[in-house]
file upload.txt (compact mmCIF, N, CA and C atoms)
# COMPACT_ATOMS: atom_id res chain seq x y z
N MET A 702 75.71 50.78 124.10
CA MET A 702 75.78 52.17 124.47
C MET A 702 75.78 52.31 125.97
N LYS A 703 76.59 53.26 126.41
CA LYS A 703 76.64 53.52 127.84
C LYS A 703 75.75 54.72 128.15
N ARG A 704 75.15 54.61 129.24
CA ARG A 704 74.32 55.72 129.69
C ARG A 704 75.15 56.56 130.65
N VAL A 705 75.25 57.88 130.35
CA VAL A 705 76.03 58.78 131.17
C VAL A 705 75.06 59.62 132.00
N ASP A 706 75.22 59.53 133.31
CA ASP A 706 74.38 60.34 134.20
C ASP A 706 74.94 61.75 134.28
N LYS A 707 74.07 62.70 134.14
CA LYS A 707 74.48 64.10 134.26
C LYS A 707 74.56 64.47 135.73
N LYS A 708 75.57 65.24 136.05
CA LYS A 708 75.72 65.70 137.42
C LYS A 708 74.72 66.80 137.71
N ASP A 709 74.26 66.85 138.91
CA ASP A 709 73.35 67.93 139.32
C ASP A 709 74.12 69.24 139.35
N GLU A 710 73.58 70.21 138.70
CA GLU A 710 74.22 71.53 138.70
C GLU A 710 73.67 72.32 139.88
N THR A 711 74.40 72.31 140.96
CA THR A 711 73.95 73.00 142.16
C THR A 711 74.27 74.48 142.12
N SER A 712 75.36 74.84 141.48
CA SER A 712 75.70 76.26 141.40
C SER A 712 75.53 76.73 139.96
N VAL A 713 74.55 77.53 139.79
CA VAL A 713 74.25 78.08 138.47
C VAL A 713 74.48 79.58 138.51
N TYR A 714 75.21 80.07 137.55
CA TYR A 714 75.49 81.50 137.46
C TYR A 714 74.29 82.17 136.83
N GLN A 715 73.79 83.20 137.48
CA GLN A 715 72.67 83.95 136.95
C GLN A 715 73.00 85.42 137.01
N ARG A 716 72.95 86.08 135.88
CA ARG A 716 73.25 87.51 135.82
C ARG A 716 71.96 88.30 135.93
N VAL A 717 71.94 89.23 136.85
CA VAL A 717 70.76 90.06 137.06
C VAL A 717 71.15 91.50 136.80
N VAL A 718 70.47 92.14 135.87
CA VAL A 718 70.72 93.53 135.54
C VAL A 718 69.44 94.30 135.80
N LEU A 719 69.57 95.34 136.61
CA LEU A 719 68.41 96.16 136.92
C LEU A 719 68.55 97.52 136.23
N LYS A 720 67.58 97.87 135.46
CA LYS A 720 67.57 99.19 134.85
C LYS A 720 66.69 100.09 135.69
N ASN A 721 67.24 101.26 136.03
CA ASN A 721 66.52 102.24 136.84
C ASN A 721 65.93 101.61 138.09
N ALA A 722 66.79 100.95 138.85
CA ALA A 722 66.33 100.31 140.07
C ALA A 722 65.88 101.32 141.11
N SER A 723 66.42 102.51 141.04
CA SER A 723 66.07 103.53 142.01
C SER A 723 64.77 104.22 141.59
N PRO A 724 63.86 104.44 142.52
CA PRO A 724 62.60 105.10 142.15
C PRO A 724 62.76 106.60 141.88
N TYR A 725 63.84 107.20 142.39
CA TYR A 725 64.06 108.63 142.24
C TYR A 725 65.42 108.90 141.61
N HIS A 726 65.53 110.07 141.00
CA HIS A 726 66.80 110.61 140.55
C HIS A 726 66.98 111.97 141.21
N TYR A 727 68.22 112.31 141.46
CA TYR A 727 68.55 113.56 142.12
C TYR A 727 69.36 114.42 141.16
N MET A 728 69.03 115.70 141.10
CA MET A 728 69.70 116.63 140.20
C MET A 728 70.23 117.81 141.00
N LYS A 729 71.46 118.14 140.73
CA LYS A 729 72.04 119.36 141.30
C LYS A 729 72.10 120.36 140.16
N VAL A 730 71.36 121.46 140.30
CA VAL A 730 71.27 122.45 139.23
C VAL A 730 71.65 123.82 139.75
N CYS A 731 72.04 124.67 138.83
CA CYS A 731 72.41 126.04 139.16
C CYS A 731 71.71 126.96 138.16
N LEU A 732 71.10 128.01 138.67
CA LEU A 732 70.44 128.99 137.81
C LEU A 732 71.39 130.16 137.58
N VAL A 733 71.66 130.45 136.32
CA VAL A 733 72.52 131.57 135.96
C VAL A 733 71.64 132.67 135.39
N LEU A 734 71.66 133.84 136.03
CA LEU A 734 70.84 134.97 135.61
C LEU A 734 71.71 136.05 134.98
N GLU A 735 71.11 136.80 134.05
CA GLU A 735 71.82 137.89 133.40
C GLU A 735 72.21 138.96 134.42
N ASP A 736 71.27 139.32 135.28
CA ASP A 736 71.54 140.27 136.35
C ASP A 736 71.82 139.47 137.62
N GLU A 737 73.06 139.45 138.04
CA GLU A 737 73.46 138.61 139.17
C GLU A 737 72.93 139.11 140.50
N SER A 738 72.43 140.33 140.55
CA SER A 738 71.91 140.85 141.81
C SER A 738 70.49 140.36 142.11
N THR A 739 69.83 139.74 141.13
CA THR A 739 68.48 139.22 141.32
C THR A 739 68.51 138.01 142.24
N ARG A 740 67.63 137.99 143.21
CA ARG A 740 67.55 136.88 144.15
C ARG A 740 66.19 136.21 144.04
N LEU A 741 66.18 134.92 144.17
CA LEU A 741 64.95 134.13 144.16
C LEU A 741 64.84 133.38 145.47
N SER A 742 63.63 133.27 145.97
CA SER A 742 63.40 132.42 147.13
C SER A 742 63.17 130.99 146.63
N ALA A 743 63.11 130.06 147.55
CA ALA A 743 62.88 128.67 147.17
C ALA A 743 61.50 128.49 146.53
N VAL A 744 60.53 129.23 147.02
CA VAL A 744 59.18 129.15 146.46
C VAL A 744 59.16 129.70 145.03
N ASP A 745 59.85 130.82 144.81
CA ASP A 745 59.92 131.40 143.47
C ASP A 745 60.60 130.45 142.49
N LEU A 746 61.65 129.78 142.94
CA LEU A 746 62.36 128.85 142.07
C LEU A 746 61.48 127.67 141.69
N LYS A 747 60.79 127.12 142.66
CA LYS A 747 59.91 125.98 142.35
C LYS A 747 58.79 126.40 141.41
N GLN A 748 58.22 127.58 141.62
CA GLN A 748 57.17 128.06 140.72
C GLN A 748 57.72 128.29 139.32
N PHE A 749 58.95 128.77 139.21
CA PHE A 749 59.59 128.99 137.92
C PHE A 749 59.77 127.67 137.18
N ILE A 750 60.17 126.62 137.90
CA ILE A 750 60.34 125.30 137.28
C ILE A 750 58.99 124.74 136.84
N ILE A 751 57.97 124.91 137.66
CA ILE A 751 56.62 124.44 137.29
C ILE A 751 56.13 125.18 136.05
N THR A 752 56.43 126.47 135.96
CA THR A 752 56.05 127.25 134.77
C THR A 752 56.73 126.70 133.53
N GLY A 753 57.99 126.31 133.64
CA GLY A 753 58.70 125.72 132.52
C GLY A 753 58.11 124.39 132.10
N LEU A 754 57.76 123.58 133.08
CA LEU A 754 57.10 122.30 132.77
C LEU A 754 55.76 122.52 132.09
N LYS A 755 55.01 123.51 132.56
CA LYS A 755 53.69 123.78 131.98
C LYS A 755 53.81 124.31 130.56
N SER A 756 54.80 125.15 130.31
CA SER A 756 54.94 125.70 128.96
C SER A 756 55.38 124.65 127.94
N LEU A 757 56.14 123.66 128.38
CA LEU A 757 56.61 122.63 127.46
C LEU A 757 55.66 121.45 127.34
N TYR A 758 55.10 121.00 128.47
CA TYR A 758 54.28 119.79 128.47
C TYR A 758 52.81 120.02 128.82
N GLY A 759 52.41 121.26 129.05
CA GLY A 759 51.01 121.55 129.34
C GLY A 759 50.64 121.24 130.79
N GLU A 760 49.37 121.15 131.05
CA GLU A 760 48.88 120.92 132.41
C GLU A 760 49.33 119.58 132.96
N VAL A 761 49.40 118.57 132.10
CA VAL A 761 49.83 117.25 132.55
C VAL A 761 51.29 117.28 132.97
N GLY A 762 52.10 118.00 132.22
CA GLY A 762 53.52 118.11 132.56
C GLY A 762 53.74 118.91 133.84
N ALA A 763 52.90 119.88 134.08
CA ALA A 763 53.02 120.69 135.29
C ALA A 763 52.66 119.88 136.53
N ALA A 764 51.97 118.76 136.34
CA ALA A 764 51.60 117.90 137.47
C ALA A 764 52.72 116.92 137.84
N LEU A 765 53.84 116.99 137.17
CA LEU A 765 54.98 116.13 137.49
C LEU A 765 55.47 116.44 138.90
N THR A 766 55.59 115.41 139.70
CA THR A 766 56.01 115.64 141.08
C THR A 766 57.53 115.65 141.18
N PHE A 767 58.03 116.73 141.75
CA PHE A 767 59.45 116.84 142.05
C PHE A 767 59.56 117.62 143.35
N ASP A 768 60.66 117.42 144.03
CA ASP A 768 60.87 118.06 145.32
C ASP A 768 62.13 118.91 145.27
N LEU A 769 62.05 120.05 145.88
CA LEU A 769 63.21 120.92 146.05
C LEU A 769 63.78 120.61 147.43
N LEU A 770 64.82 119.79 147.45
CA LEU A 770 65.36 119.31 148.72
C LEU A 770 66.23 120.36 149.42
N LYS A 771 67.04 121.05 148.64
CA LYS A 771 67.95 122.03 149.21
C LYS A 771 68.13 123.17 148.22
N TYR A 772 68.22 124.38 148.75
CA TYR A 772 68.38 125.54 147.87
C TYR A 772 69.26 126.57 148.56
N ASP A 773 70.26 127.05 147.85
CA ASP A 773 71.15 128.09 148.36
C ASP A 773 70.86 129.37 147.59
N GLU A 774 70.32 130.38 148.27
CA GLU A 774 69.93 131.63 147.61
C GLU A 774 71.13 132.44 147.13
N ASP A 775 72.27 132.28 147.77
CA ASP A 775 73.45 133.05 147.37
C ASP A 775 74.02 132.57 146.04
N THR A 776 74.13 131.27 145.87
CA THR A 776 74.70 130.72 144.63
C THR A 776 73.64 130.28 143.63
N LEU A 777 72.37 130.35 144.02
CA LEU A 777 71.24 129.91 143.19
C LEU A 777 71.41 128.46 142.76
N THR A 778 71.89 127.64 143.68
CA THR A 778 72.09 126.22 143.43
C THR A 778 71.02 125.44 144.18
N ALA A 779 70.44 124.44 143.50
CA ALA A 779 69.36 123.67 144.09
C ALA A 779 69.60 122.18 143.91
N LEU A 780 69.04 121.42 144.82
CA LEU A 780 69.06 119.97 144.75
C LEU A 780 67.62 119.51 144.57
N LEU A 781 67.33 118.85 143.46
CA LEU A 781 65.98 118.43 143.11
C LEU A 781 65.87 116.92 143.16
N ARG A 782 64.71 116.43 143.58
CA ARG A 782 64.41 115.00 143.53
C ARG A 782 63.20 114.80 142.63
N VAL A 783 63.32 113.89 141.68
CA VAL A 783 62.24 113.63 140.73
C VAL A 783 62.14 112.13 140.54
N THR A 784 60.94 111.66 140.22
CA THR A 784 60.80 110.23 139.94
C THR A 784 61.59 109.89 138.68
N SER A 785 62.06 108.67 138.60
CA SER A 785 62.90 108.28 137.47
C SER A 785 62.18 108.43 136.14
N ARG A 786 60.88 108.22 136.13
CA ARG A 786 60.12 108.38 134.90
C ARG A 786 60.03 109.83 134.45
N GLY A 787 60.11 110.76 135.39
CA GLY A 787 59.97 112.17 135.05
C GLY A 787 61.27 112.91 134.86
N LEU A 788 62.40 112.20 134.92
CA LEU A 788 63.70 112.85 134.82
C LEU A 788 63.89 113.56 133.49
N VAL A 789 63.55 112.92 132.41
CA VAL A 789 63.75 113.51 131.08
C VAL A 789 62.86 114.73 130.89
N LYS A 790 61.64 114.66 131.38
CA LYS A 790 60.73 115.81 131.27
C LYS A 790 61.26 117.02 132.04
N LEU A 791 61.71 116.77 133.27
CA LEU A 791 62.21 117.87 134.08
C LEU A 791 63.49 118.44 133.48
N TRP A 792 64.38 117.59 133.05
CA TRP A 792 65.66 118.03 132.49
C TRP A 792 65.43 118.85 131.22
N SER A 793 64.55 118.39 130.35
CA SER A 793 64.30 119.12 129.10
C SER A 793 63.62 120.45 129.35
N SER A 794 62.72 120.51 130.31
CA SER A 794 62.06 121.79 130.59
C SER A 794 63.03 122.78 131.23
N LEU A 795 63.96 122.30 132.05
CA LEU A 795 64.96 123.20 132.62
C LEU A 795 65.89 123.73 131.53
N THR A 796 66.23 122.88 130.59
CA THR A 796 67.13 123.29 129.51
C THR A 796 66.51 124.37 128.64
N LEU A 797 65.20 124.31 128.44
CA LEU A 797 64.54 125.25 127.54
C LEU A 797 64.07 126.54 128.20
N LEU A 798 64.20 126.65 129.52
CA LEU A 798 63.84 127.91 130.17
C LEU A 798 64.91 128.95 129.85
N GLY A 799 64.48 130.11 129.33
CA GLY A 799 65.45 131.10 128.89
C GLY A 799 65.27 132.49 129.46
N PHE A 800 64.10 132.77 130.05
CA PHE A 800 63.86 134.11 130.58
C PHE A 800 63.17 134.03 131.93
N TYR A 801 63.66 134.84 132.86
CA TYR A 801 63.02 135.00 134.16
C TYR A 801 62.82 136.49 134.38
N GLN A 802 61.56 136.91 134.46
CA GLN A 802 61.19 138.31 134.63
C GLN A 802 61.90 139.20 133.61
N ASN A 803 61.78 138.86 132.37
CA ASN A 803 62.32 139.61 131.22
C ASN A 803 63.84 139.77 131.23
N GLN A 804 64.54 138.86 131.86
CA GLN A 804 65.99 138.85 131.77
C GLN A 804 66.45 137.44 131.42
N ALA A 805 67.50 137.36 130.65
CA ALA A 805 68.01 136.07 130.20
C ALA A 805 68.50 135.24 131.37
N CYS A 806 68.24 133.93 131.28
CA CYS A 806 68.70 133.02 132.32
C CYS A 806 68.94 131.65 131.70
N ALA A 807 69.61 130.81 132.44
CA ALA A 807 69.85 129.44 131.99
C ALA A 807 70.06 128.55 133.19
N PHE A 808 69.54 127.33 133.13
CA PHE A 808 69.80 126.35 134.15
C PHE A 808 71.00 125.52 133.72
N ARG A 809 71.92 125.32 134.62
CA ARG A 809 73.07 124.45 134.38
C ARG A 809 72.88 123.20 135.24
N VAL A 810 72.82 122.06 134.61
CA VAL A 810 72.70 120.80 135.34
C VAL A 810 74.12 120.37 135.71
N LEU A 811 74.42 120.40 136.99
CA LEU A 811 75.77 120.12 137.47
C LEU A 811 76.01 118.63 137.67
N GLN A 812 75.05 117.94 138.28
CA GLN A 812 75.19 116.51 138.54
C GLN A 812 73.81 115.86 138.54
N VAL A 813 73.79 114.61 138.10
CA VAL A 813 72.57 113.81 138.14
C VAL A 813 72.96 112.41 138.61
N SER A 814 72.17 111.87 139.53
CA SER A 814 72.47 110.53 140.03
C SER A 814 71.20 109.90 140.60
N PRO A 815 71.10 108.58 140.52
CA PRO A 815 69.98 107.90 141.19
C PRO A 815 70.21 107.77 142.69
N TYR A 816 71.39 108.17 143.16
CA TYR A 816 71.72 108.04 144.57
C TYR A 816 72.07 109.42 145.14
N LEU A 817 71.42 109.79 146.21
CA LEU A 817 71.63 111.09 146.83
C LEU A 817 73.05 111.23 147.37
N LEU A 818 73.59 110.15 147.87
CA LEU A 818 74.94 110.19 148.43
C LEU A 818 75.99 110.54 147.38
N ALA A 819 75.73 110.21 146.14
CA ALA A 819 76.69 110.51 145.08
C ALA A 819 76.82 112.02 144.84
N LEU A 820 75.83 112.80 145.24
CA LEU A 820 75.88 114.24 145.04
C LEU A 820 76.51 114.97 146.22
N SER A 821 76.92 114.24 147.24
CA SER A 821 77.49 114.88 148.41
C SER A 821 78.87 115.46 148.14
N ALA A 822 79.58 114.92 147.18
CA ALA A 822 80.91 115.43 146.83
C ALA A 822 81.06 115.44 145.32
N ASN A 823 81.87 116.36 144.85
CA ASN A 823 82.12 116.46 143.43
C ASN A 823 83.62 116.51 143.21
N SER A 824 84.16 115.58 142.48
CA SER A 824 85.60 115.53 142.28
C SER A 824 86.11 116.72 141.46
N ARG A 825 85.23 117.38 140.73
CA ARG A 825 85.63 118.55 139.94
C ARG A 825 85.89 119.76 140.82
N GLU A 826 85.32 119.77 142.01
CA GLU A 826 85.46 120.90 142.92
C GLU A 826 86.51 120.67 144.00
N LEU A 827 87.24 119.58 143.92
CA LEU A 827 88.24 119.29 144.95
C LEU A 827 89.39 120.29 144.88
N GLN A 828 89.83 120.73 146.04
CA GLN A 828 90.99 121.62 146.14
C GLN A 828 92.15 120.81 146.69
N LEU A 829 93.09 120.47 145.83
CA LEU A 829 94.25 119.71 146.29
C LEU A 829 95.36 120.66 146.68
N ASP A 830 95.94 120.39 147.84
CA ASP A 830 97.02 121.23 148.34
C ASP A 830 98.37 120.67 147.99
call {"tool": "encode", "arguments": {"input": "upload.txt", "output": "structure tokens"}}
result
Amino acid sequence: MKRVDKKDETSVYQRVVLKNASPYHYMKVCLVLEDESTRLSAVDLKQFIITGLKSLYGEVGAALTFDLLKYDEDTLTALLRVTSRGLVKLWSSLTLLGFYQNQACAFRVLQVSPYLLALSANSRELQLD
């Protein structure tokens, strides 16, 4: 019998997959109100979201940390930052909010991404000439 020496494998392929590598997720949301003349300040919007979290998840859910990074009072569009673990809680509480000061309302989630740069442009809003 011959003895066959194995060659040293110097280059080994290793596949690395990271799930939720980003610590935060960013959400671009829009609040649609029944009465379009109603205006909310940034503080009112954040309090409204906290109220939704509290009604769905209780006091523990209301303690979920999220940041209101940008808010446009004219279009009622906001940019939210939430930890990746709290994304589902925040998204579900926004979906279930239905009334603001006794008028019908709804949150529309426009974009979600683990990267803030991905929300800087939206291909759906491009105006091609």
call {"tool": "closest_residue", "arguments": {"input": "upload.txt", "among": "A:Asn823, A:Val761, A:Leu746, A:Val730", "to": "Arg809 of chain A", "atoms": "all atoms listed in the file"}}
result
A:Val730
call {"tool": "select_by_dssp", "arguments": {"input": "upload.txt", "residues": "chain A", "states": "alpha helix (DSSP H)", "output": "count of residues only"}}
result
31
call {"tool": "atom_distance", "arguments": {"input": "upload.txt", "atom1": "atom CA of Lys790 of chain A", "atom2": "atom CA of Tyr727 of chain A"}}
result
13.6 Å
call {"tool": "select_by_dssp", "arguments": {"input": "upload.txt", "residues": "segment 706-819 of chain A", "states": "strand (DSSP E or B)", "output": "number ranges by chain"}}
result
A: 725-734, 767-773, 778-784, 800-801, 804-814
call {"tool": "residues_around", "arguments": {"input": "upload.txt", "residues": "Arg825 of chain A", "least_positions_apart": "3", "cutoff": "12 Å", "atoms": "only C-alpha atoms", "output": "short mmCIF file (atom, residue, chain, number, x, y, z; two decimals) with N, CA and C atoms, keeping the file's coordinate frame"}}
result
data_model
loop_
_atom_site.label_atom_id
_atom_site.label_comp_id
_atom_site.auth_asym_id
_atom_site.auth_seq_id
_atom_site.Cartn_x
_atom_site.Cartn_y
_atom_site.Cartn_z
N LEU A 811 74.42 120.40 136.99
CA LEU A 811 75.77 120.12 137.47
C LEU A 811 76.01 118.63 137.67
N GLN A 812 75.05 117.94 138.28
CA GLN A 812 75.19 116.51 138.54
C GLN A 812 73.81 115.86 138.54
N LEU A 820 75.83 112.80 145.24
CA LEU A 820 75.88 114.24 145.04
C LEU A 820 76.51 114.97 146.22
N ALA A 822 79.58 114.92 147.18
CA ALA A 822 80.91 115.43 146.83
C ALA A 822 81.06 115.44 145.32
N GLN A 828 89.83 120.73 146.04
CA GLN A 828 90.99 121.62 146.14
C GLN A 828 92.15 120.81 146.69
N LEU A 829 93.09 120.47 145.83
CA LEU A 829 94.25 119.71 146.29
C LEU A 829 95.36 120.66 146.68
#
call {"tool": "residues_around", "arguments": {"input": "upload.txt", "residues": "Pro724 of chain A", "least_positions_apart": "4", "cutoff": "6.5 Å", "atoms": "only N, CA and C atoms", "output": "PyMOL selection string"}}
result
chain A and resi 783-786
call {"tool": "atom_distance", "arguments": {"input": "upload.txt", "atom1": "atom CA of Tyr816 of chain A", "atom2": "atom C of Leu781 of chain A"}}
result
10.7 Å
call {"tool": "atom_distance", "arguments": {"input": "upload.txt", "atom1": "atom CA of Leu818 of chain A", "atom2": "atom N of Leu770 of chain A"}}
result
14.0 Å
call {"tool": "residues_around", "arguments": {"input": "upload.txt", "residues": "Ala743 of chain A", "least_positions_apart": "2", "cutoff": "8 Å", "atoms": "all atoms listed in the file", "output": "PDB file with N, CA and C atoms, keeping the file's coordinate frame"}}
result
ATOM      1  N   ARG A 740      67.630 137.990 143.210  1.00  0.00           N
ATOM      2  CA  ARG A 740      67.550 136.880 144.150  1.00  0.00           C
ATOM      3  C   ARG A 740      66.190 136.210 144.040  1.00  0.00           C
ATOM      4  N   LEU A 741      66.180 134.920 144.170  1.00  0.00           N
ATOM      5  CA  LEU A 741      64.950 134.130 144.160  1.00  0.00           C
ATOM      6  C   LEU A 741      64.840 133.380 145.470  1.00  0.00           C
ATOM      7  N   ASP A 745      59.850 130.820 144.810  1.00  0.00           N
ATOM      8  CA  ASP A 745      59.920 131.400 143.470  1.00  0.00           C
ATOM      9  C   ASP A 745      60.600 130.450 142.490  1.00  0.00           C
ATOM     10  N   LEU A 746      61.650 129.780 142.940  1.00  0.00           N
ATOM     11  CA  LEU A 746      62.360 128.850 142.070  1.00  0.00           C
ATOM     12  C   LEU A 746      61.480 127.670 141.690  1.00  0.00           C
ATOM     13  N   LYS A 747      60.790 127.120 142.660  1.00  0.00           N
ATOM     14  CA  LYS A 747      59.910 125.980 142.350  1.00  0.00           C
ATOM     15  C   LYS A 747      58.790 126.400 141.410  1.00  0.00           C
ATOM     16  N   GLN A 748      58.220 127.580 141.620  1.00  0.00           N
ATOM     17  CA  GLN A 748      57.170 128.060 140.720  1.00  0.00           C
ATOM     18  C   GLN A 748      57.720 128.290 139.320  1.00  0.00           C
ATOM     19  N   PHE A 749      58.950 128.770 139.210  1.00  0.00           N
ATOM     20  CA  PHE A 749      59.590 128.990 137.920  1.00  0.00           C
ATOM     21  C   PHE A 749      59.770 127.670 137.180  1.00  0.00           C
ATOM     22  N   LEU A 769      62.050 120.050 145.880  1.00  0.00           N
ATOM     23  CA  LEU A 769      63.210 120.920 146.050  1.00  0.00           C
ATOM     24  C   LEU A 769      63.780 120.610 147.430  1.00  0.00           C
ATOM     25  N   LYS A 771      67.040 121.050 148.640  1.00  0.00           N
ATOM     26  CA  LYS A 771      67.950 122.030 149.210  1.00  0.00           C
ATOM     27  C   LYS A 771      68.130 123.170 148.220  1.00  0.00           C
ATOM     28  N   TYR A 772      68.220 124.380 148.750  1.00  0.00           N
ATOM     29  CA  TYR A 772      68.380 125.540 147.870  1.00  0.00           C
ATOM     30  C   TYR A 772      69.260 126.570 148.560  1.00  0.00           C
ATOM     31  N   ASP A 773      70.260 127.050 147.850  1.00  0.00           N
ATOM     32  CA  ASP A 773      71.150 128.090 148.360  1.00  0.00           C
ATOM     33  C   ASP A 773      70.860 129.370 147.590  1.00  0.00           C
ATOM     34  N   GLU A 774      70.320 130.380 148.270  1.00  0.00           N
ATOM     35  CA  GLU A 774      69.930 131.630 147.610  1.00  0.00           C
ATOM     36  C   GLU A 774      71.130 132.440 147.130  1.00  0.00           C
TER      37      GLU A 774
END
call {"tool": "closest_residue", "arguments": {"input": "upload.txt", "among": "A:Arg716, A:Asp830, A:Thr766, A:Leu734", "to": "Gln804 of chain A", "atoms": "only N, CA and C atoms"}}
result
A:Leu734
call {"tool": "closest_residue", "arguments": {"input": "upload.txt", "among": "A:Ser794, A:Asn803, A:Lys755, A:Arg782", "to": "Asp768 of chain A", "atoms": "all atoms listed in the file"}}
result
A:Arg782
call {"tool": "residues_around", "arguments": {"input": "upload.txt", "residues": "Val733 of chain A", "least_positions_apart": "3", "cutoff": "8 Å", "atoms": "only C-alpha atoms", "output": "JSON, numbers by chain"}}
result
{"A": [737, 777, 806, 807, 808, 809]}
call {"tool": "write_last_selection", "arguments": {"input": "upload.txt", "atoms": "N, CA and C atoms", "output": "mmCIF file, in the coordinates of the input"}}
result
data_model
loop_
_atom_site.group_PDB
_atom_site.id
_atom_site.type_symbol
_atom_site.label_atom_id
_atom_site.label_comp_id
_atom_site.auth_asym_id
_atom_site.auth_seq_id
_atom_site.Cartn_x
_atom_site.Cartn_y
_atom_site.Cartn_z
ATOM 1 N N GLU A 737 73.060 139.450 138.040
ATOM 2 C CA GLU A 737 73.460 138.610 139.170
ATOM 3 C C GLU A 737 72.930 139.110 140.500
ATOM 4 N N LEU A 777 72.370 130.350 144.020
ATOM 5 C CA LEU A 777 71.240 129.910 143.190
ATOM 6 C C LEU A 777 71.410 128.460 142.760
ATOM 7 N N CYS A 806 68.240 133.930 131.280
ATOM 8 C CA CYS A 806 68.700 133.020 132.320
ATOM 9 C C CYS A 806 68.940 131.650 131.700
ATOM 10 N N ALA A 807 69.610 130.810 132.440
ATOM 11 C CA ALA A 807 69.850 129.440 131.990
ATOM 12 C C ALA A 807 70.060 128.550 133.190
ATOM 13 N N PHE A 808 69.540 127.330 133.130
ATOM 14 C CA PHE A 808 69.800 126.350 134.150
ATOM 15 C C PHE A 808 71.000 125.520 133.720
ATOM 16 N N ARG A 809 71.920 125.320 134.620
ATOM 17 C CA ARG A 809 73.070 124.450 134.380
ATOM 18 C C ARG A 809 72.880 123.200 135.240
#
call {"tool": "closest_residue", "arguments": {"input": "upload.txt", "among": "A:Gly762, A:Asp775, A:Glu735, A:Gly787", "to": "Ala805 of chain A", "atoms": "all atoms listed in the file"}}
result
A:Glu735
